[in-house]
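J.: One structure, as structure tokens, below. Some questions next.
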Amino acid sequence: MMRQIVTNKTRNQELADIFHQMAGCYRYLGPEQRFRSTAYENASGTIQSLKNDISIYAANAKSLNRLNNIGSSIAEKIIEYLGTGKIAAFERLKREVPKGLLELMNISSFGPATVKLLHENFDISNKEDLILAIESGKLKDAKGLGEKKLENLMRGLKLYKTGQERVPLSTGLKAGTKLLETIQKINGIVKADLAGSLRRGKKTIGDIDMVICAQKQDWKRITNRIKEIGQIERILVSGDTKVSFLLKQNHIQVDIRLVQVDEYGAALLYFTGSKEHTLKLRLLAKEKGWKLNEYGLFDVKTGEKLAGKTEQGIYERFGMKYIPPELREGRDEIELANEHKLPDLVKSAL
DNA sequence: GAGAAC
DNA sequence: GTTCTC
């Protein structure tokens, strides 16, 4: 629903960043290091999804080990970083892999092979070199660099420069439905839907939101499968209940949440938004002595769950007509639904 | 704790 | 690199 912006860099962020860079180094160093690279990428994601400062978990290597994707080796490096502010292995890697190349691998959607090619054949070692080379047209006939790839690269650069733009609904919808189709094939997924502004059919979207419901015991396996999807450029956050990543093709950010079966409607409602709409619903709930959150609709006094499995059920419990996502803008749709005066939506084939 | 899978 | 398995 919303893009996460990291303003002040926390220690977790810094560590996650280092591990992400280390992952990049290993990726650049060759296919033999492929698993090592993803291991660091996973660790980076785990740290980013941590709710508390890393030091809380870092009393000793043992407790760090309990975190997903953090084994003995990375645990040691975390402790090293907390103590000295540096990680020797990273300092070593930095000397082997030019920093500009690392940045290129992140923004360009080119793999290490192409970046290597650019570096060795065109003496391109950073973003600026690349821009100059593109503008001079000397990359035009390079082998392994088709027109299409070049185009992708330039878009990536542009996005990087302006810092993630919103994309037209049609683009988001195309990418989103394709992603949804891929993900729905994963075993154990009971139900999955797009949420956020994509589901509300806004003219432009900032990112792709998706809610998946499945048995809790399947969550980990499902998130692992999701992370293997070929359309992923890079993983941003990887926890048990949430996965975020950038799409290769267009660098759109994707946020996926896993929820329990009986929470699905509440979660879908919550992550579909708009913020204003769900806020109004929450206030309405409060008036009735209820509480609405992403887990369900509850009676505050008794704690009894009144609804949550389906969106329909929640609106029904409020005594109003189902409000289609397209109308959930926090204007007067709730009042209208209460009076059963909602306008009929003509379903448009988008 | 080695070995395979990822 | 981590994790699972034997």
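If you're wondering about the labels, chains in the structure tokens are A, B, ... by order shown, residues count from 1 in each chain, ligands from 1 in order shown.
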Step one, run DSSP on the backbone; step two, keep only residues of region 122-211 of chain A assigned to strand (DSSP E or B); then write them as number ranges by chain.
T.: A: 167-168, 189-195, 204-205, 207-211
J.: Hey, what's within 10 Å of Asn12 (chain A) if we count only C-alpha atoms (C1' of nucleotides) and toss same-chain stuff fewer than 6 positions away? As a PyMOL selection string, please?
T.: chain A and resi 18+44+46-55
J.: Hey, can you spit out that residue selection with all heavy atoms as a PDB file, in the first residue's frame?
T.:
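Okay, part_20.pdb is ready:
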```pdb
ATOM      1  N   ILE A  18      25.470  -3.765   4.202  1.00  0.00           N
ATOM      2  CA  ILE A  18      26.786  -4.403   4.035  1.00  0.00           C
ATOM      3  C   ILE A  18      26.623  -5.818   3.485  1.00  0.00           C
ATOM      4  O   ILE A  18      27.289  -6.207   2.523  1.00  0.00           O
ATOM      5  CB  ILE A  18      27.545  -4.446   5.385  1.00  0.00           C
ATOM      6  CG1 ILE A  18      28.016  -3.044   5.759  1.00  0.00           C
ATOM      7  CG2 ILE A  18      28.727  -5.405   5.295  1.00  0.00           C
ATOM      8  CD1 ILE A  18      28.698  -2.967   7.098  1.00  0.00           C
ATOM      9  N   SER A  44      20.679 -10.424   4.797  1.00  0.00           N
ATOM     10  CA  SER A  44      20.380  -9.001   4.695  1.00  0.00           C
ATOM     11  C   SER A  44      18.884  -8.749   4.862  1.00  0.00           C
ATOM     12  O   SER A  44      18.469  -7.854   5.597  1.00  0.00           O
ATOM     13  CB  SER A  44      20.867  -8.487   3.338  1.00  0.00           C
ATOM     14  OG  SER A  44      20.439  -7.165   3.131  1.00  0.00           O
ATOM     15  N   THR A  46      16.677 -10.682   6.337  1.00  0.00           N
ATOM     16  CA  THR A  46      16.274 -10.978   7.711  1.00  0.00           C
ATOM     17  C   THR A  46      16.534  -9.794   8.616  1.00  0.00           C
ATOM     18  O   THR A  46      15.681  -9.393   9.406  1.00  0.00           O
ATOM     19  CB  THR A  46      17.058 -12.194   8.234  1.00  0.00           C
ATOM     20  OG1 THR A  46      16.738 -13.331   7.442  1.00  0.00           O
ATOM     21  CG2 THR A  46      16.716 -12.466   9.690  1.00  0.00           C
ATOM     22  N   ILE A  47      17.708  -9.212   8.465  1.00  0.00           N
ATOM     23  CA  ILE A  47      18.067  -8.094   9.337  1.00  0.00           C
ATOM     24  C   ILE A  47      17.163  -6.896   9.084  1.00  0.00           C
ATOM     25  O   ILE A  47      16.756  -6.200  10.001  1.00  0.00           O
ATOM     26  CB  ILE A  47      19.550  -7.724   9.138  1.00  0.00           C
ATOM     27  CG1 ILE A  47      20.416  -8.871   9.668  1.00  0.00           C
ATOM     28  CG2 ILE A  47      19.899  -6.429   9.846  1.00  0.00           C
ATOM     29  CD1 ILE A  47      21.862  -8.762   9.349  1.00  0.00           C
ATOM     30  N   GLN A  48      16.822  -6.685   7.817  1.00  0.00           N
ATOM     31  CA  GLN A  48      15.941  -5.556   7.508  1.00  0.00           C
ATOM     32  C   GLN A  48      14.557  -5.721   8.106  1.00  0.00           C
ATOM     33  O   GLN A  48      13.885  -4.750   8.406  1.00  0.00           O
ATOM     34  CB  GLN A  48      15.813  -5.404   6.000  1.00  0.00           C
ATOM     35  CG  GLN A  48      16.962  -4.672   5.396  1.00  0.00           C
ATOM     36  CD  GLN A  48      16.605  -4.110   4.046  1.00  0.00           C
ATOM     37  OE1 GLN A  48      15.616  -3.412   3.896  1.00  0.00           O
ATOM     38  NE2 GLN A  48      17.421  -4.427   3.063  1.00  0.00           N
ATOM     39  N   SER A  49      14.119  -6.966   8.222  1.00  0.00           N
ATOM     40  CA  SER A  49      12.765  -7.174   8.717  1.00  0.00           C
ATOM     41  C   SER A  49      12.715  -7.241  10.244  1.00  0.00           C
ATOM     42  O   SER A  49      11.649  -7.395  10.825  1.00  0.00           O
ATOM     43  CB  SER A  49      12.188  -8.457   8.109  1.00  0.00           C
ATOM     44  OG  SER A  49      12.909  -9.568   8.566  1.00  0.00           O
ATOM     45  N   LEU A  50      13.864  -7.116  10.864  1.00  0.00           N
ATOM     46  CA  LEU A  50      13.915  -7.137  12.327  1.00  0.00           C
ATOM     47  C   LEU A  50      13.198  -5.917  12.913  1.00  0.00           C
ATOM     48  O   LEU A  50      13.349  -4.817  12.406  1.00  0.00           O
ATOM     49  CB  LEU A  50      15.384  -7.119  12.775  1.00  0.00           C
ATOM     50  CG  LEU A  50      15.971  -8.357  13.420  1.00  0.00           C
ATOM     51  CD1 LEU A  50      15.440  -9.626  12.808  1.00  0.00           C
ATOM     52  CD2 LEU A  50      17.483  -8.331  13.331  1.00  0.00           C
ATOM     53  N   LYS A  51      12.445  -6.156  13.977  1.00  0.00           N
ATOM     54  CA  LYS A  51      11.708  -5.050  14.566  1.00  0.00           C
ATOM     55  C   LYS A  51      12.567  -4.291  15.579  1.00  0.00           C
ATOM     56  O   LYS A  51      12.367  -3.124  15.825  1.00  0.00           O
ATOM     57  CB  LYS A  51      10.439  -5.560  15.242  1.00  0.00           C
ATOM     58  CG  LYS A  51       9.423  -6.050  14.233  1.00  0.00           C
ATOM     59  CD  LYS A  51       8.049  -6.161  14.846  1.00  0.00           C
ATOM     60  CE  LYS A  51       7.017  -6.561  13.815  1.00  0.00           C
ATOM     61  NZ  LYS A  51       7.305  -7.893  13.209  1.00  0.00           N
ATOM     62  N   ASN A  52      13.516  -4.995  16.142  1.00  0.00           N
ATOM     63  CA  ASN A  52      14.354  -4.361  17.164  1.00  0.00           C
ATOM     64  C   ASN A  52      15.791  -4.226  16.680  1.00  0.00           C
ATOM     65  O   ASN A  52      16.180  -4.864  15.710  1.00  0.00           O
ATOM     66  CB  ASN A  52      14.341  -5.199  18.441  1.00  0.00           C
ATOM     67  CG  ASN A  52      12.940  -5.363  18.990  1.00  0.00           C
ATOM     68  OD1 ASN A  52      12.223  -4.384  19.125  1.00  0.00           O
ATOM     69  ND2 ASN A  52      12.552  -6.590  19.263  1.00  0.00           N
ATOM     70  N   ASP A  53      16.525  -3.398  17.391  1.00  0.00           N
ATOM     71  CA  ASP A  53      17.931  -3.228  17.043  1.00  0.00           C
ATOM     72  C   ASP A  53      18.646  -4.570  17.153  1.00  0.00           C
ATOM     73  O   ASP A  53      18.383  -5.368  18.041  1.00  0.00           O
ATOM     74  CB  ASP A  53      18.591  -2.220  17.989  1.00  0.00           C
ATOM     75  CG  ASP A  53      19.988  -1.850  17.530  1.00  0.00           C
ATOM     76  OD1 ASP A  53      20.944  -2.571  17.876  1.00  0.00           O
ATOM     77  OD2 ASP A  53      20.110  -0.849  16.808  1.00  0.00           O
ATOM     78  N   ILE A  54      19.558  -4.773  16.226  1.00  0.00           N
ATOM     79  CA  ILE A  54      20.265  -6.051  16.122  1.00  0.00           C
ATOM     80  C   ILE A  54      20.989  -6.416  17.415  1.00  0.00           C
ATOM     81  O   ILE A  54      21.103  -7.589  17.766  1.00  0.00           O
ATOM     82  CB  ILE A  54      21.272  -6.007  14.948  1.00  0.00           C
ATOM     83  CG1 ILE A  54      21.931  -7.365  14.714  1.00  0.00           C
ATOM     84  CG2 ILE A  54      22.314  -4.929  15.149  1.00  0.00           C
ATOM     85  CD1 ILE A  54      21.058  -8.358  14.017  1.00  0.00           C
ATOM     86  N   SER A  55      21.405  -5.396  18.150  1.00  0.00           N
ATOM     87  CA  SER A  55      22.187  -5.669  19.362  1.00  0.00           C
ATOM     88  C   SER A  55      21.384  -6.459  20.394  1.00  0.00           C
ATOM     89  O   SER A  55      21.941  -7.176  21.212  1.00  0.00           O
ATOM     90  CB  SER A  55      22.676  -4.358  19.969  1.00  0.00           C
ATOM     91  OG  SER A  55      21.569  -3.527  20.252  1.00  0.00           O
TER      92      SER A  55
END
```
J.: Could you work out how far CA of Asn106 (chain A) lies from CA of Glu233 (chain A), giving the answer in Å with one decimal?
T.: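 Between CA of Glu233 (chain A) and CA of Asn106 (chain A) the gap is 8.2 Å.
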J.: Kindly determine which residues of chain A lie within 9 Å of chain C, considering only C-alpha atoms (C1' of nucleotides), and give the answer as a list in words.
T.: Gln33, Phe35, Arg36, Ser37, Thr38, Ala39, Tyr40, Asn68, Asn69, Ile70, Gly71, Ser72, Ser73 and Ile74 of chain A
J.: To one decimal place in Å, what is the distance between CA of Glu304 (chain A) and CA of Asp332 (chain A)?
T.: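 Here the two named atoms are 28.9 Å from each other.
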J.: As a count of residues only, please: every residue in region 50-263 of chain A that DSSP puts in helix (DSSP H, G or I).
T.: 113
J.: What gap, in Å, lies between CA of Gly146 (chain A) and CA of Leu117 (chain A)?
T.: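 Separating CA of Gly146 (chain A) from CA of Leu117 (chain A) is a distance of 13.4 Å.
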J.: Give me the residues within 9 Å of Glu76 (chain A) as a JSON list (two decimals) with all heavy atoms, in the first residue's frame, counting only C-alpha atoms (C1' of nucleotides) and dropping any in the same chain fewer than 6 places off.
T.:
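New file around_21.json:
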```json
[["chain", "number", "residue", "atom", "x", "y", "z"],
["A", 60, "ASN", "N", 25.08, -12.88, 22.19],
["A", 60, "ASN", "CA", 26.14, -13.83, 21.83],
["A", 60, "ASN", "C", 25.78, -14.49, 20.49],
["A", 60, "ASN", "O", 24.68, -14.32, 19.98],
["A", 60, "ASN", "CB", 26.29, -14.90, 22.91],
["A", 60, "ASN", "CG", 24.95, -15.55, 23.21],
["A", 60, "ASN", "OD1", 24.35, -16.15, 22.32],
["A", 60, "ASN", "ND2", 24.48, -15.42, 24.44],
["A", 61, "ALA", "N", 26.73, -15.20, 19.94],
["A", 61, "ALA", "CA", 26.53, -15.82, 18.62],
["A", 61, "ALA", "C", 25.34, -16.77, 18.63],
["A", 61, "ALA", "O", 24.63, -16.90, 17.65],
["A", 61, "ALA", "CB", 27.80, -16.56, 18.18],
["A", 64, "LEU", "N", 21.96, -15.03, 18.07],
["A", 64, "LEU", "CA", 21.88, -14.56, 16.70],
["A", 64, "LEU", "C", 21.53, -15.72, 15.77],
["A", 64, "LEU", "O", 20.78, -15.58, 14.81],
["A", 64, "LEU", "CB", 23.21, -13.95, 16.26],
["A", 64, "LEU", "CG", 23.40, -12.47, 16.55],
["A", 64, "LEU", "CD1", 24.83, -12.07, 16.26],
["A", 64, "LEU", "CD2", 22.43, -11.63, 15.75]]
```
